[in-house]
Structure formats: structure tokens, C-alpha cells
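**Q** My structure file my_file-v4.cif, mmCIF, C-alpha atoms, is below:
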```
data_final
#
loop_
_atom_site.group_PDB
_atom_site.id
_atom_site.type_symbol
_atom_site.label_atom_id
_atom_site.label_comp_id
_atom_site.auth_asym_id
_atom_site.auth_seq_id
_atom_site.Cartn_x
_atom_site.Cartn_y
_atom_site.Cartn_z
ATOM 1 C CA MET A 1 98.027 31.500 164.510
ATOM 2 C CA LYS A 2 101.689 32.534 164.248
ATOM 3 C CA ILE A 3 102.440 34.321 160.986
ATOM 4 C CA LEU A 4 105.651 35.627 159.445
ATOM 5 C CA ILE A 5 105.143 38.473 156.970
ATOM 6 C CA ALA A 6 107.710 39.850 154.526
ATOM 7 C CA ASN A 7 107.712 41.802 151.262
ATOM 8 C CA ASP A 8 109.808 43.284 148.467
ATOM 9 C CA ASP A 9 108.559 46.876 148.692
ATOM 10 C CA GLY A 10 110.459 47.574 151.900
ATOM 11 C CA ILE A 11 109.597 47.944 155.542
ATOM 12 C CA ALA A 12 108.006 51.384 155.087
ATOM 13 C CA ALA A 13 105.555 50.216 152.398
ATOM 14 C CA ASN A 14 101.841 50.772 152.928
ATOM 15 C CA GLY A 15 100.981 47.259 151.764
ATOM 16 C CA ILE A 16 102.841 45.441 154.512
ATOM 17 C CA ARG A 17 101.568 47.906 157.093
ATOM 18 C CA ALA A 18 97.942 47.262 156.103
ATOM 19 C CA LEU A 19 98.587 43.510 156.186
ATOM 20 C CA ALA A 20 100.204 43.729 159.631
ATOM 21 C CA GLU A 21 97.314 45.708 161.089
ATOM 22 C CA ALA A 22 94.663 43.378 159.705
ATOM 23 C CA LEU A 23 96.392 40.138 160.720
ATOM 24 C CA SER A 24 97.495 41.269 164.185
ATOM 25 C CA VAL A 25 93.897 41.502 165.410
ATOM 26 C CA ASN A 26 93.581 37.720 165.787
ATOM 27 C CA ASN A 27 97.113 36.396 165.198
ATOM 28 C CA GLU A 28 100.677 36.539 166.512
ATOM 29 C CA VAL A 29 102.484 38.312 163.682
ATOM 30 C CA TYR A 30 106.215 38.826 163.048
ATOM 31 C CA MET A 31 107.614 41.074 160.332
ATOM 32 C CA ILE A 32 110.975 40.796 158.561
ATOM 33 C CA ALA A 33 111.332 43.185 155.624
ATOM 34 C CA PRO A 34 114.034 44.794 153.456
ATOM 35 C CA ASP A 35 115.338 48.237 154.353
ATOM 36 C CA ARG A 36 114.401 49.557 150.894
ATOM 37 C CA GLU A 37 112.386 48.632 147.811
ATOM 38 C CA ARG A 38 113.553 45.405 146.187
ATOM 39 C CA SER A 39 110.912 44.935 143.498
ATOM 40 C CA ALA A 40 111.683 42.448 140.700
ATOM 41 C CA ALA A 41 114.558 41.032 142.739
ATOM 42 C CA GLY A 42 113.406 37.512 141.936
ATOM 43 C CA HIS A 43 114.713 34.767 144.190
ATOM 44 C CA SER A 44 118.130 36.332 144.718
ATOM 45 C CA LEU A 45 120.093 35.972 147.962
ATOM 46 C CA THR A 46 122.898 38.025 149.503
ATOM 47 C CA MET A 47 126.157 36.099 149.078
ATOM 48 C CA HIS A 48 129.120 38.480 148.841
ATOM 49 C CA THR A 49 128.318 41.253 151.323
ATOM 50 C CA PRO A 50 127.381 41.185 155.018
ATOM 51 C CA LEU A 51 123.696 40.890 155.829
ATOM 52 C CA ARG A 52 122.722 43.505 158.402
ATOM 53 C CA VAL A 53 119.769 42.748 160.683
ATOM 54 C CA GLU A 54 118.232 45.274 163.092
ATOM 55 C CA GLU A 55 115.290 44.722 165.419
ATOM 56 C CA LEU A 56 112.899 47.654 165.571
ATOM 57 C CA GLU A 57 110.216 48.676 168.032
ATOM 58 C CA PRO A 58 107.126 46.777 166.836
ATOM 59 C CA LYS A 59 104.141 48.771 165.548
ATOM 60 C CA PHE A 60 100.739 47.985 164.060
ATOM 61 C CA GLY A 61 100.081 45.224 166.608
ATOM 62 C CA LEU A 62 103.125 43.168 165.608
ATOM 63 C CA LYS A 63 104.875 40.944 168.138
ATOM 64 C CA ARG A 64 108.375 41.674 166.798
ATOM 65 C CA THR A 65 109.841 43.493 163.780
ATOM 66 C CA TRP A 66 113.185 43.281 161.995
ATOM 67 C CA VAL A 67 114.634 45.175 159.053
ATOM 68 C CA ILE A 68 117.445 43.685 156.973
ATOM 69 C CA SER A 69 119.821 44.981 154.327
ATOM 70 C CA GLY A 70 119.177 42.083 151.954
ATOM 71 C CA THR A 71 116.700 40.769 149.427
ATOM 72 C CA PRO A 72 113.117 39.517 149.876
ATOM 73 C CA GLY A 73 114.388 35.936 149.793
ATOM 74 C CA ASP A 74 116.923 36.785 152.508
ATOM 75 C CA CYS A 75 114.101 38.013 154.760
ATOM 76 C CA VAL A 76 112.323 34.678 154.906
ATOM 77 C CA LYS A 77 115.443 32.518 154.733
ATOM 78 C CA ILE A 78 117.261 34.152 157.654
ATOM 79 C CA GLY A 79 114.004 34.620 159.529
ATOM 80 C CA LEU A 80 113.092 30.937 159.534
ATOM 81 C CA SER A 81 116.635 29.630 159.975
ATOM 82 C CA THR A 82 118.151 32.124 162.416
ATOM 83 C CA ILE A 83 116.122 35.076 163.684
ATOM 84 C CA LEU A 84 112.930 33.487 164.979
ATOM 85 C CA SER A 85 113.184 31.262 168.031
ATOM 86 C CA GLU A 86 111.592 27.818 168.017
ATOM 87 C CA GLU A 87 108.645 29.241 169.978
ATOM 88 C CA GLU A 88 108.205 31.966 167.337
ATOM 89 C CA LYS A 89 108.347 29.750 164.258
ATOM 90 C CA PRO A 90 105.251 30.479 162.121
ATOM 91 C CA ASP A 91 102.310 28.360 161.101
ATOM 92 C CA LEU A 92 102.095 30.411 157.914
ATOM 93 C CA VAL A 93 104.313 32.688 155.798
ATOM 94 C CA ILE A 94 102.658 35.581 153.941
ATOM 95 C CA SER A 95 104.447 37.874 151.498
ATOM 96 C CA GLY A 96 102.945 41.239 150.567
ATOM 97 C CA ILE A 97 100.760 43.070 150.102
ATOM 98 C CA ASN A 98 102.676 43.972 146.951
ATOM 99 C CA HIS A 99 102.275 47.316 145.204
ATOM 100 C CA GLY A 100 101.188 46.010 141.804
ATOM 101 C CA PRO A 101 100.093 42.673 140.313
ATOM 102 C CA ASN A 102 102.132 39.485 140.158
ATOM 103 C CA LEU A 103 100.446 37.586 137.349
ATOM 104 C CA GLY A 104 101.330 35.032 134.696
ATOM 105 C CA VAL A 105 104.935 34.092 134.038
ATOM 106 C CA ASP A 106 106.011 37.502 135.319
ATOM 107 C CA ILE A 107 106.005 35.912 138.794
ATOM 108 C CA LEU A 108 109.447 34.533 137.886
ATOM 109 C CA TYR A 109 110.829 38.044 138.435
ATOM 110 C CA SER A 110 108.815 38.755 141.568
ATOM 111 C CA GLY A 111 110.435 39.379 144.922
ATOM 112 C CA THR A 112 106.996 39.014 146.515
ATOM 113 C CA VAL A 113 106.542 35.514 145.135
ATOM 114 C CA SER A 114 110.129 34.596 146.044
ATOM 115 C CA CYS A 115 109.406 35.313 149.714
ATOM 116 C CA ALA A 116 106.558 32.832 149.656
ATOM 117 C CA LEU A 117 108.585 30.283 147.699
ATOM 118 C CA GLU A 118 111.365 30.494 150.285
ATOM 119 C CA GLY A 119 108.831 29.665 152.972
ATOM 120 C CA ALA A 120 107.526 26.718 150.964
ATOM 121 C CA MET A 121 111.066 25.490 150.323
ATOM 122 C CA ARG A 122 111.495 25.261 154.097
ATOM 123 C CA GLY A 123 108.228 23.367 154.527
ATOM 124 C CA TYR A 124 105.875 26.166 155.612
ATOM 125 C CA PRO A 125 102.457 26.876 154.062
ATOM 126 C CA SER A 126 103.072 30.118 152.190
ATOM 127 C CA ILE A 127 101.050 32.758 150.379
ATOM 128 C CA ALA A 128 102.048 35.641 148.096
ATOM 129 C CA VAL A 129 99.572 38.547 148.002
ATOM 130 C CA SER A 130 99.466 41.429 145.518
ATOM 131 C CA LEU A 131 97.193 44.389 144.889
ATOM 132 C CA ALA A 132 96.532 44.495 141.152
ATOM 133 C CA SER A 133 97.087 48.234 140.927
ATOM 134 C CA MET A 134 100.060 50.562 140.942
ATOM 135 C CA LYS A 135 98.335 52.883 143.410
ATOM 136 C CA ALA A 136 100.140 52.745 146.720
ATOM 137 C CA GLU A 137 98.152 54.825 149.214
ATOM 138 C CA TYR A 138 97.430 53.122 152.532
ATOM 139 C CA ASP A 139 93.642 53.047 152.017
ATOM 140 C CA ASP A 140 94.101 51.211 148.703
ATOM 141 C CA PHE A 141 95.259 48.116 150.595
ATOM 142 C CA LYS A 142 92.468 47.867 153.165
ATOM 143 C CA VAL A 143 90.155 45.580 151.168
ATOM 144 C CA ALA A 144 93.018 43.265 150.207
ATOM 145 C CA ALA A 145 94.201 43.116 153.830
ATOM 146 C CA GLU A 146 90.663 42.351 155.006
ATOM 147 C CA PHE A 147 90.381 39.507 152.513
ATOM 148 C CA ILE A 148 93.641 37.926 153.675
ATOM 149 C CA ALA A 149 92.645 38.262 157.342
ATOM 150 C CA ASP A 150 89.384 36.434 156.537
ATOM 151 C CA PHE A 151 91.246 33.849 154.453
ATOM 152 C CA VAL A 152 93.834 32.916 157.096
ATOM 153 C CA PRO A 153 91.462 30.830 159.289
ATOM 154 C CA ARG A 154 90.656 28.705 156.230
ATOM 155 C CA VAL A 155 94.296 27.763 155.689
ATOM 156 C CA ASN A 156 93.909 24.816 158.055
ATOM 157 C CA THR A 157 91.261 23.375 155.731
ATOM 158 C CA ILE A 158 93.704 23.332 152.798
ATOM 159 C CA ASP A 159 96.135 20.466 152.329
ATOM 160 C CA PHE A 160 99.046 22.512 150.999
ATOM 161 C CA PRO A 161 101.038 20.357 148.562
ATOM 162 C CA LYS A 162 104.769 20.341 149.243
ATOM 163 C CA LYS A 163 106.845 22.642 147.038
ATOM 164 C CA SER A 164 103.807 24.864 146.454
ATOM 165 C CA ILE A 165 102.417 28.289 147.344
ATOM 166 C CA LEU A 166 99.223 30.207 146.726
ATOM 167 C CA ASN A 167 99.658 33.321 144.582
ATOM 168 C CA ILE A 168 96.797 35.738 145.250
ATOM 169 C CA ASN A 169 96.025 38.892 143.249
ATOM 170 C CA ILE A 170 93.285 41.252 144.430
ATOM 171 C CA PRO A 171 91.706 44.015 142.306
ATOM 172 C CA ASN A 172 91.890 47.539 143.696
ATOM 173 C CA LEU A 173 88.130 47.857 144.138
ATOM 174 C CA SER A 174 85.646 48.259 146.937
ATOM 175 C CA LYS A 175 84.487 45.006 148.526
ATOM 176 C CA GLU A 176 81.080 45.405 146.858
ATOM 177 C CA ASP A 177 82.603 45.809 143.396
ATOM 178 C CA ILE A 178 84.769 42.671 143.505
ATOM 179 C CA ALA A 179 83.030 40.142 141.252
ATOM 180 C CA GLY A 180 84.067 37.042 143.193
ATOM 181 C CA ILE A 181 86.966 34.635 143.525
ATOM 182 C CA ALA A 182 88.521 32.583 140.729
ATOM 183 C CA ILE A 183 90.813 29.584 141.179
ATOM 184 C CA THR A 184 93.134 30.054 138.242
ATOM 185 C CA LYS A 185 96.152 28.873 136.318
ATOM 186 C CA LEU A 186 99.073 31.125 135.505
ATOM 187 C CA GLY A 187 98.648 33.159 132.367
ATOM 188 C CA ASP A 188 101.346 33.851 129.828
ATOM 189 C CA LYS A 189 102.771 37.357 129.889
ATOM 190 C CA MET A 190 100.899 40.377 131.175
ATOM 191 C CA PHE A 191 103.224 42.859 129.483
ATOM 192 C CA THR A 192 105.233 42.877 126.258
ATOM 193 C CA ASP A 193 109.020 43.227 126.462
ATOM 194 C CA ASN A 194 109.352 46.644 124.871
ATOM 195 C CA TYR A 195 112.327 48.895 125.586
ATOM 196 C CA ASP A 196 112.271 52.602 124.820
ATOM 197 C CA LYS A 197 115.556 53.813 123.372
ATOM 198 C CA ARG A 198 116.383 57.271 124.684
ATOM 199 C CA VAL A 199 119.251 59.734 124.788
ATOM 200 C CA ASP A 200 120.389 61.479 127.967
ATOM 201 C CA PRO A 201 121.439 65.184 128.146
ATOM 202 C CA ARG A 202 125.040 64.174 127.461
ATOM 203 C CA GLY A 203 124.169 62.359 124.267
ATOM 204 C CA LYS A 204 124.501 58.836 125.720
ATOM 205 C CA VAL A 205 121.980 56.197 124.679
ATOM 206 C CA TYR A 206 120.038 54.356 127.377
ATOM 207 C CA TYR A 207 117.034 52.025 127.460
ATOM 208 C CA TRP A 208 113.900 51.994 129.635
ATOM 209 C CA LEU A 209 111.673 48.922 129.970
ATOM 210 C CA ALA A 210 108.209 50.056 128.892
ATOM 211 C CA GLY A 211 106.022 47.047 128.107
ATOM 212 C CA GLU A 212 102.378 47.249 127.073
ATOM 213 C CA LEU A 213 99.475 45.116 128.281
ATOM 214 C CA VAL A 214 98.994 41.881 126.346
ATOM 215 C CA LYS A 215 95.492 40.920 125.190
ATOM 216 C CA CYS A 216 94.214 37.465 126.127
ATOM 217 C CA ASP A 217 91.163 35.301 125.427
ATOM 218 C CA GLU A 218 87.964 36.058 127.331
ATOM 219 C CA ASP A 219 87.603 32.673 129.065
ATOM 220 C CA ASP A 220 91.109 31.271 129.297
ATOM 221 C CA GLY A 221 90.945 30.491 133.034
ATOM 222 C CA THR A 222 94.101 32.454 133.823
ATOM 223 C CA ASP A 223 94.957 34.739 136.689
ATOM 224 C CA ILE A 224 95.364 37.647 134.270
ATOM 225 C CA GLN A 225 91.843 37.318 132.898
ATOM 226 C CA ALA A 226 90.321 36.847 136.373
ATOM 227 C CA VAL A 227 91.752 40.131 137.589
ATOM 228 C CA ARG A 228 90.642 41.865 134.397
ATOM 229 C CA CYS A 229 87.136 40.619 135.222
ATOM 230 C CA ASN A 230 87.393 42.193 138.703
ATOM 231 C CA LYS A 231 87.825 38.868 140.485
ATOM 232 C CA ILE A 232 90.294 37.834 143.166
ATOM 233 C CA SER A 233 92.665 35.328 141.579
ATOM 234 C CA ILE A 234 94.066 32.424 143.622
ATOM 235 C CA THR A 235 96.668 30.355 141.780
ATOM 236 C CA PRO A 236 98.472 27.325 143.243
ATOM 237 C CA VAL A 237 102.085 27.539 142.086
ATOM 238 C CA THR A 238 104.774 24.879 142.433
ATOM 239 C CA PHE A 239 108.544 25.139 142.174
ATOM 240 C CA GLU A 240 108.784 21.471 141.177
ATOM 241 C CA MET A 241 110.592 22.171 137.889
ATOM 242 C CA THR A 242 111.437 18.669 136.675
ATOM 243 C CA HIS A 243 109.829 18.108 133.251
ATOM 244 C CA LYS A 244 109.194 14.400 133.715
ATOM 245 C CA SER A 245 107.525 13.820 130.340
ATOM 246 C CA ILE A 246 110.810 14.126 128.437
ATOM 247 C CA MET A 247 112.904 11.932 130.754
ATOM 248 C CA ALA A 248 112.102 8.730 128.840
ATOM 249 C CA ASP A 249 113.221 10.296 125.546
ATOM 250 C CA LEU A 250 116.458 11.487 127.134
ATOM 251 C CA GLU A 251 117.139 7.991 128.461
ATOM 252 C CA LYS A 252 116.630 6.565 124.956
ATOM 253 C CA ALA A 253 119.049 9.113 123.548
ATOM 254 C CA PHE A 254 121.837 8.578 126.082
ATOM 255 C CA CYS A 255 121.287 5.202 127.731
ATOM 256 C CA HIS A 256 121.760 1.694 126.321
ATOM 257 C CA ASP A 257 121.515 -1.576 128.256
ATOM 258 C CA GLY A 258 121.166 0.357 131.516
ATOM 259 C CA ILE A 259 124.331 2.416 130.971
ATOM 260 C CA CYS A 260 124.162 6.143 130.209
ATOM 261 C CA GLY A 261 127.049 8.043 128.626
ATOM 262 C CA TRP A 262 128.338 9.773 125.529
#
```
Show me this structure written as C-alpha cells.
**A**
Amino acid sequence: MKILIANDDGIAANGIRALAEALSVNNEVYMIAPDRERSAAGHSLTMHTPLRVEELEPKFGLKRTWVISGTPGDCVKIGLSTILSEEEKPDLVISGINHGPNLGVDILYSGTVSCALEGAMRGYPSIAVSLASMKAEYDDFKVAAEFIADFVPRVNTIDFPKKSILNINIPNLSKEDIAGIAITKLGDKMFTDNYDKRVDPRGKVYYWLAGELVKCDEDDGTDIQAVRCNKISITPVTFEMTHKSIMADLEKAFCHDGICGW
């Protein structure tokens, strides 16, 4: 299988290296990654500055490797539209392995998830993968990388809905200690929005985002609870954002005899 991998932690991150090494054993893998960490970049794109692209000597069993000066979304967008030849176009796009979880509505801020969404927007089956731990040593990612390598052959058995990705979060545990796999829905928020107010040495006030973990119900079926129960969470996520249930009410409010206006 041909696979494009990208991330938001940068080309030197241990997570993407572990993913590359695991996938390259049985697949043709291409990497396009940012030149630095771009965590919480969301689905931003580079619009007002040049986008620099450099091909590097491939390592870790990769077929080809590029580093770019842009965002995670740029990596997949320019990769699928411009960098990869028709013969190199992937069967699957995988983003990660991220350093830290991407759970609940916090995925809206995630550069990791945005990579996968960009792939889905262009019609490719796409997966976002995160290690649910802030530890970032290379060995911490081996179990997660092994799981994804084992999961990839099953992708052909899944009828990926259009406008959708799979968001996967894997506990930082040994294979034996992982309690199973849960097919989940997105939770609410994993962290509160608390800002610490501080003063710098020059007497200027600044703020530092310092949220705390949010408690949730024991059996709520969410990705957050699954990971807390030491399970691998797999959540199908769509970017179909039209809230169709309210359309009829809006038509009643603004439309009369087939004509809509104000």
C-alpha cells in the first residue's frame, strides 16, 4: 500500500519516525512534515508568505521525504496536489503519531487531525493517530506504531464515508496492559480553559494556558473515557458541518411562498 504520512510535531519528532519505521516494512511510505513543531495549529494554511519545500535523503525505510516551512495542513495539501507524482499518490493518509492526546472537541485545535482532514477533503481515506501521553521518547511510540501497522491492512475492509476520518488515540502502555479497543464518539472537553495570570521580571502581566482535566461519567461511550480506561479509542469524525435539523425552521422564518428574503 502507498501511504503518505505527515504530522504537526515536526520532521524530527519521535512519533513520526516510529510510524515511518513500522509502516515501511510492508508499505511504500512517503513523508511530508513541517520543519518545526506546529502543535495546535488547527487547519490553518500558509497564505501570505512563500512556502519552502526541500526534499531530504529518505531514512527509516521511507521512499521519499520532504520538509516544508508551512503548517500541518500545508503538508498534506501541497503533497497531494503538487509534490507527489501520479504514480506516488497514496492509498491512505496517516497523520501522527502525535505527542499527546487528541480527544473530544479539542480536536478542533489539532494540527494532527487537520492533516487527516485535509486528506479526506481531497478524497483519500485518512487517519489521525495520537499517543495519549506527553512523554516523547522514541520507545514510547513503539506500541502505537505497531498497532497502526497491524491496522493498515484492515483499511480495505472499511467503507470510509466521504468527508470523514478515523481519529485514533492510543494509551502509553505496554501491549499487554492495553485493555482493548473501543469504537467511540467524541467527548466534550478534556481540559478546562484556565489561564494563569503571571507577572514577568519587568512587571508586565502575561497569561499562560493551564487547563485541568475534566471529570466525565464512567460509561459515556466517549473517546476520553475509553483512553482513561486504558483502551485504544477509534472515533469516526466528519467535517460535514451543515446542521440540517434547523434548516426547516430557518426557511419558515425567512421564506414565504417559495421566496426567501428580508
**Q** Check which residues satisfy the PyMOL selection byres ((chain A and resi 128) around 8) in the file shown, then give them as a list in words.
**A**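 For this structure, the PyMOL selection byres ((chain A and resi 128) around 8) resolves to Ile94, Ser95, Gly96, Ile97, Thr112, Val113, Cys115, Ala116, Ser126, Ile127, Val129, Ser130, Ile165, Leu166, Asn167 and Ile168 of chain A.
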**Q** Atom CA of A:Arg52 to atom CA of A:Arg64: how many Å, to one decimal?
**A**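 Spanning atom CA of A:Arg52 to atom CA of A:Arg64 is a straight-line distance of 16.7 Å.
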**Q** Which residues are near A:Glu88? Cut-off 10 Å, all atoms listed in the file, ignore same chain within fewer than 5 positions. Put them as a list in words.
**A** Lys2, Ile3, Leu4, Glu28, Val29, Tyr30, Lys63, Arg64, Leu80 and Ile83 of chain A
**Q** Output the selection as a PDB file, keeping the file's coordinate frame - C-alpha atoms for each residue.
**A**
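Okay, this is what ended up in part.pdb:
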```pdb
ATOM      1  CA  LYS A   2     101.689  32.534 164.248  1.00  0.00           C
ATOM      2  CA  ILE A   3     102.440  34.321 160.986  1.00  0.00           C
ATOM      3  CA  LEU A   4     105.651  35.627 159.445  1.00  0.00           C
ATOM      4  CA  GLU A  28     100.677  36.539 166.512  1.00  0.00           C
ATOM      5  CA  VAL A  29     102.484  38.312 163.682  1.00  0.00           C
ATOM      6  CA  TYR A  30     106.215  38.826 163.048  1.00  0.00           C
ATOM      7  CA  LYS A  63     104.875  40.944 168.138  1.00  0.00           C
ATOM      8  CA  ARG A  64     108.375  41.674 166.798  1.00  0.00           C
ATOM      9  CA  LEU A  80     113.092  30.937 159.534  1.00  0.00           C
ATOM     10  CA  ILE A  83     116.122  35.076 163.684  1.00  0.00           C
TER      11      ILE A  83
END
```
**Q** Could you tell me which residues the PyMOL selection byres ((chain A and resi 22) around 9) returns for this structure, as an MDAnalysis selection string?
**A** chainID A and resid 17:21 23:26 60:61 142 145:146 148:149
**Q** I would like the residues chosen by the PyMOL selection byres ((chain A and resi 103) around 10) on the shown file; could you give them as a compact mmCIF listing (two decimals) with C-alpha atoms, in the frame of the given file?
**A**
```txt
# COMPACT_ATOMS: atom_id res chain seq x y z
CA GLY A 100 101.19 46.01 141.80
CA PRO A 101 100.09 42.67 140.31
CA ASN A 102 102.13 39.48 140.16
CA GLY A 104 101.33 35.03 134.70
CA VAL A 105 104.94 34.09 134.04
CA ASP A 106 106.01 37.50 135.32
CA ILE A 107 106.00 35.91 138.79
CA LEU A 108 109.45 34.53 137.89
CA SER A 110 108.82 38.76 141.57
CA SER A 130 99.47 41.43 145.52
CA ALA A 132 96.53 44.50 141.15
CA ASN A 167 99.66 33.32 144.58
CA ILE A 168 96.80 35.74 145.25
CA ASN A 169 96.02 38.89 143.25
CA LYS A 185 96.15 28.87 136.32
CA LEU A 186 99.07 31.12 135.50
CA GLY A 187 98.65 33.16 132.37
CA ASP A 188 101.35 33.85 129.83
CA LYS A 189 102.77 37.36 129.89
CA MET A 190 100.90 40.38 131.18
CA PHE A 191 103.22 42.86 129.48
CA THR A 222 94.10 32.45 133.82
CA ASP A 223 94.96 34.74 136.69
CA ILE A 224 95.36 37.65 134.27
CA GLN A 225 91.84 37.32 132.90
CA VAL A 227 91.75 40.13 137.59
CA SER A 233 92.66 35.33 141.58
CA THR A 235 96.67 30.36 141.78
```
**Q** Would you mind reading off the distance between atom CA of A:Pro72 and atom CA of A:Ser114, one decimal, in Å?
**A** 6.9 Å
**Q** Nearest residue to A:Pro58 out of A:Arg202, A:Leu173, A:Ile32, A:Val237, using all atoms listed in the file?
**A**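 Closest residue, counting all atoms listed in the file: A:Ile32.
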**Q** Nearest residue to A:Val53 out of A:Gly73, A:Gly10, A:Gly79, A:Pro236, using all atoms listed in the file?
**A** A:Gly79
**Q** I need every residue sitting at most 10 Å from the point (121.3, 46.7, 164.5) (coordinates as in the file, all atoms listed in the file considered), written as a PyMOL selection string.
**A** chain A and resi 52-56+66-68
**Q** Between atom CA of A:Asn156 and atom CA of A:Ile16, what distance in Å does the model show, to one decimal?
**A**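 Answer for the atom CA of A:Asn156 to atom CA of A:Ile16 separation: 22.8 Å.
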**Q** Which residue gives the smallest distance to A:Asn7 among A:Asp196, A:Asn98, A:Asp74, A:Met47, with all atoms listed in the file counted?
**A**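 Using all atoms listed in the file, the shortest distance to A:Asn7 belongs to A:Asn98.
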**Q** Name all residues at most 7 Å from A:Asp8 (count all atoms listed in the file; drop same-chain ones fewer than 5 positions away) and give them as number ranges by chain.
**A** A: 34, 37-39, 72, 111-112
**Q** Between A:Phe239, A:Trp208, A:Trp262, A:Phe254, which is the closest to A:Glu118 once you count all atoms listed in the file?
**A**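 Ranked by minimum distance to A:Glu118, first place goes to A:Phe239.
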**Q** When distances are computed from all atoms listed in the file, which of A:Lys162, A:Lys59, A:Arg198, A:Arg228 shows the smallest separation from A:Tyr124?
**A**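 The closest residue to A:Tyr124 is A:Lys162.
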